[in-house]
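Asks: Pasting a structure here, questions to come.
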Amino acid sequence: MDRKDRIRAFIQQSFKDYAIRDDEDIFSVGFVNSLFAMQLVRFIEGEFQITVENEDLDIDNFRTIDFISRLVERKTAAVVS
Amino acid sequence: MSLSLTKQHEALQSEARAFAREHLAPDAERWEAQQSLPGSVVEKLREHGYLGAIVPAEHGGRGMDLLAYGLLTEELGAASSSARSLLTVHDMVAYVLVKWGTAAQKQRWLGALASGARLGAFALSEPAVGSDASGVKSTARLEDGHYVLNGVKKWITFGEIADLILVFAQNDGKLSAFLVERGTPGLTTVPIRGMLGTRASMMAEVKLEECRIPKDHLVGGVGFGLSAVATTGLELGRYSIAWGSVGIGQGCVQASLRYAMERTQYGTQLRKHQLIQELITEMVTNVSAARLLCAQAGERIQAGDRHAMFSVMMAKYFSSRIAARAAADAVQLHGANGCSDAYPVARHLRDAKLMEIIEGSSQMQQMAIAKLAYQSIDVD
């Protein structure tokens with residue numbers, strides 16, 4: 001599975017009967033809460049071996065599957081460099 | 001899973017047990033009556049490196065792993081739930097700063113929290129806000145490079161003496177977290193007395209009246225107060241409460257075994273009476289099961305496992321419930337003696353009840369666990 005597939009698979013767990021699009025605002029659909037946000041951070045850190053830090057806490061980094069994927073790409077590139 | 005302790009874990013457990021038996025157990029009842037923890041006890045916790053023990057060594061802490069921290073918490077909790085609760089709230093603040101603090105915030109405060117030179121407290125609850133944390137009414141407005149805080153926080157453990165308080169407030173309708181230092185104009189604390197349990201945990205109301213703090217006291221970004229900061233702090237808080245509950249349960253086991261060996265009725269030691277054996281069995285088995293759940297939660301947090309929250313909630317829920325049951329049974333086993341302060345079990349019963357309420361009540365845990373079960377468990 002590529003990066004976006006893995007992110008999608010995780011997020012879809014919280015949207016059992018709803019197929020979330022990659023560009024859809026996951027917080028506006030109404031299935032997620034503050035617990036989900038922490039689970040998402042944990043998932044990103046564990047799955048992609050990166051650390052989500054204070055400066056990453058911008059809601060736009062987590063708003064859609066596309067944005068999350070871009071955050072992971074940026075953080076992964078930073079780790080490699 | 002089994003509780004696999006390394007030699008280091010065993011050494012810490014022995015150290016913590018000896019500390020608790022020497023410095024906490026003998027006077028725990030007196031502190032409850034006085035409704036305060038002496039400064040000398042705080043100093044001893046500091047000297048032994050127990051405050052801020054989970055802070056990584058690079059920031060001046062002991063860098064304890066989560067299992068070690070749990071074992072420490074259990075031993076302290078078995079002797080004095082009030083003393084244990086200082087570690088809980090202090091370390092919640094330290095844990096939040098380790099994860100979400102800026103470099104400047106870590107530089108400024110983490111070392112002092114790691115050494116215990118400054119004490120932390122976690123101020124989320126309000127007179128009208130408990131389980132529904134998102135409903136916080138305290139406010140923070142940005143003005144001339146400062147945040148100005150207004151509101152009242154309630155049931156703040158060690159709020160009476162904390163030096164650094166993590167306060168949650170709405171900034172333009174976005175729940176955010178702020179560090180407020182004691183001595184800041186506009187911050188006052190008022191002790192709360194007459195609590196059911198952990199009476200020496202120096203709870204307070206924290207009042208904020210046009211309390212101005214520098215802008216860089218914001219932790220974790222505007223709007224991330226609940227989703228990032230509070231949930232991180234509460235994860236450690238629940239973990240600590242879970243182990244603290246195991247401590248209460250273990251305290252009840254020790255007291256009950258001792259009493260059942262010493263006391264005779266109808267010419268026989270209590271321990272030989274079958275219904276007493278039933279009480280002992282329930283206590284011992286439940287405490288052992290709770291300890292394993294706690295260890296699993298620690299392992300998952302340590303590994304960054306995405307199911308860590310699920311484990312922590314189960315551990316907190318189960319451990320606090322069985323601690324309350326164990327304490328009730330321990331009082332029952334002790335009879336009239338169990339209702340007097342000459343034995344610790346009455347105190348354990350009062351303390352155990354609070355564990356079912358704080359850091360997310362049992363009912364909140366039940367709703368969250370059920371929801372997480374659908375996400376975490378494969379039914380196919």
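Chain identifiers are assigned as A, B, and so on, following the order in which chains appear in the structure tokens; residues are numbered from 1 within each chain, and ligands are numbered from 1 in order of appearance.
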What are the residues of chain A that have an atom within 7 Å of an atom of chain B, counting only C-alpha atoms, as an MDAnalysis selection string?

Replies: chainID A and resid 13:14 34:35 37:39 42:43 46 53:54 57

Asks: If you count only C-alpha atoms, which residues fall within 9 Å of Ala290 in chain B, apart from same-chain ones fewer than 3 positions away, as a PDB file with C-alpha atoms, in the first residue's frame?

Replies:
ATOM      1  CA  ALA B 242      -4.893   3.109  36.807  1.00  0.00           C
ATOM      2  CA  TRP B 243      -1.641   2.176  38.545  1.00  0.00           C
ATOM      3  CA  SER B 245      -5.785   2.136  41.754  1.00  0.00           C
ATOM      4  CA  VAL B 246      -3.703  -1.040  41.610  1.00  0.00           C
ATOM      5  CA  THR B 285      -7.332 -11.931  41.466  1.00  0.00           C
ATOM      6  CA  ASN B 286      -8.759  -8.571  40.471  1.00  0.00           C
ATOM      7  CA  VAL B 287      -5.668  -6.659  41.570  1.00  0.00           C
ATOM      8  CA  LEU B 293      -3.921  -4.429  32.075  1.00  0.00           C
ATOM      9  CA  CYS B 294      -1.860  -1.498  33.321  1.00  0.00           C
ATOM     10  CA  ALA B 295       1.368  -3.120  32.141  1.00  0.00           C
ATOM     11  CA  ALA B 315      -6.794  -0.112  32.474  1.00  0.00           C
ATOM     12  CA  LYS B 316      -8.168   3.002  34.160  1.00  0.00           C
ATOM     13  CA  PHE B 318     -11.046  -1.720  35.318  1.00  0.00           C
ATOM     14  CA  SER B 319      -8.436  -0.783  37.914  1.00  0.00           C
ATOM     15  CA  SER B 320     -10.513   1.949  39.495  1.00  0.00           C
ATOM     16  CA  ILE B 322     -11.786  -3.192  41.245  1.00  0.00           C
TER      17      ILE B 322
END

Asks: Could you tell me how far CA of Ile248 in chain B lies from CA of Ala83 in chain B, in Å and to one decimal?

Replies: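 It comes out at 12.4 Å.
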
Asks: Please return, as a VMD selection string, all residues of range 246-296 of chain B that DSSP assigns to helix (DSSP H, G or I) on the basis of the backbone.

Replies: chain B and resid 246 to 262 270 to 272 274 to 296

Asks: Would you put the residues from that selection into a file with C-alpha atoms, as a compact mmCIF listing (two decimals), in the first residue's frame?

Replies:
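Written out: again.txt:
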# COMPACT_ATOMS: atom_id res chain seq x y z
CA VAL B 246 -3.70 -1.04 41.61
CA GLY B 247 -1.79 0.45 44.53
CA ILE B 248 -4.97 0.97 46.52
CA GLY B 249 -6.04 -2.58 45.67
CA GLN B 250 -2.68 -3.96 46.74
CA GLY B 251 -2.86 -1.93 49.95
CA CYS B 252 -6.21 -3.56 50.64
CA VAL B 253 -4.81 -7.02 49.90
CA GLN B 254 -1.89 -6.53 52.30
CA ALA B 255 -4.09 -5.13 55.04
CA SER B 256 -6.69 -7.87 54.62
CA LEU B 257 -4.22 -10.75 54.57
CA ARG B 258 -2.55 -9.39 57.70
CA TYR B 259 -5.84 -8.87 59.51
CA ALA B 260 -7.19 -12.28 58.53
CA MET B 261 -4.05 -13.90 59.95
CA GLU B 262 -4.14 -11.95 63.20
CA LEU B 270 -10.38 -15.35 60.01
CA ARG B 271 -8.29 -16.65 57.10
CA LYS B 272 -9.74 -20.14 57.67
CA GLN B 274 -14.52 -19.65 53.70
CA LEU B 275 -16.44 -16.43 53.12
CA ILE B 276 -13.32 -14.49 54.15
CA GLN B 277 -11.38 -16.63 51.66
CA GLU B 278 -13.85 -15.59 48.99
CA LEU B 279 -13.24 -11.91 49.72
CA ILE B 280 -9.47 -12.44 49.62
CA THR B 281 -9.68 -14.36 46.34
CA GLU B 282 -11.70 -11.66 44.61
CA MET B 283 -9.30 -9.01 45.82
CA VAL B 284 -6.09 -10.79 44.87
CA THR B 285 -7.33 -11.93 41.47
CA ASN B 286 -8.76 -8.57 40.47
CA VAL B 287 -5.67 -6.66 41.57
CA SER B 288 -3.46 -9.06 39.62
CA ALA B 289 -5.62 -8.71 36.50
CA ALA B 290 -5.64 -4.93 36.84
CA ARG B 291 -1.86 -4.87 37.11
CA LEU B 292 -1.52 -6.78 33.85
CA LEU B 293 -3.92 -4.43 32.08
CA CYS B 294 -1.86 -1.50 33.32
CA ALA B 295 1.37 -3.12 32.14
CA GLN B 296 -0.15 -3.70 28.71

Asks: Using only C-alpha atoms, find the one residue out of B:Ala323, B:Ala336, B:Val152, B:Leu175 that sits nearest to Met355 in chain B.

Replies: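 Checking each of B:Ala323, B:Ala336, B:Val152, B:Leu175 against Met355 in chain B, counting only C-alpha atoms, the winner is B:Ala323.
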
Asks: Given only C-alpha atoms as the basis, pick out the residue of B:Ala33, B:Leu12, B:Leu164, B:Leu354 nearest to Leu179 in chain B.

Replies: B:Leu164

Asks: One decimal, Å: what's the distance from CA of Ile358 in chain B over to CA of Glu205 in chain B, could you say?

Replies: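 Answer for the CA of Ile358 in chain B to CA of Glu205 in chain B separation: 15.6 Å.
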
Asks: Write out as a ChimeraX atom specification which residues come within 10 Å of Thr76 in chain A when counting only C-alpha atoms, dropping same-chain ones fewer than 5 positions away.

Replies: /A:48-51,70-71,81

Asks: Could you turn the residues from that selection into a file that holds N, CA and C atoms, as a tab-separated table (two decimals), in the first residue's frame?

Replies:
chain	number	residue	atom	x	y	z
A	48	PHE	N	4.78	5.88	10.07
A	48	PHE	CA	5.77	6.49	9.19
A	48	PHE	C	7.07	6.86	9.89
A	49	GLN	N	7.19	6.51	11.17
A	49	GLN	CA	8.42	6.73	11.94
A	49	GLN	C	8.85	8.20	11.90
A	50	ILE	N	7.91	9.07	12.15
A	50	ILE	CA	8.22	10.50	12.24
A	50	ILE	C	7.65	11.00	13.56
A	51	THR	N	8.03	12.19	13.96
A	51	THR	CA	7.49	12.78	15.20
A	51	THR	C	6.67	14.01	14.85
A	70	ARG	N	0.68	14.93	2.70
A	70	ARG	CA	1.72	15.94	2.42
A	70	ARG	C	2.55	16.22	3.68
A	71	LEU	N	1.92	16.24	4.82
A	71	LEU	CA	2.64	16.43	6.08
A	71	LEU	C	3.65	15.31	6.26
A	81	SER	N	16.87	14.03	5.22
A	81	SER	CA	17.91	15.01	4.97
A	81	SER	C	18.68	15.29	6.26

Asks: List as a PyMOL selection string the protein and nucleic acid residues near Glu359 in chain B, meaning an atom at most 7 Å away when only C-alpha atoms are counted, but skip any in the same chain fewer than 2 places from it.

Replies: chain B and resi 234+237-238+357+361
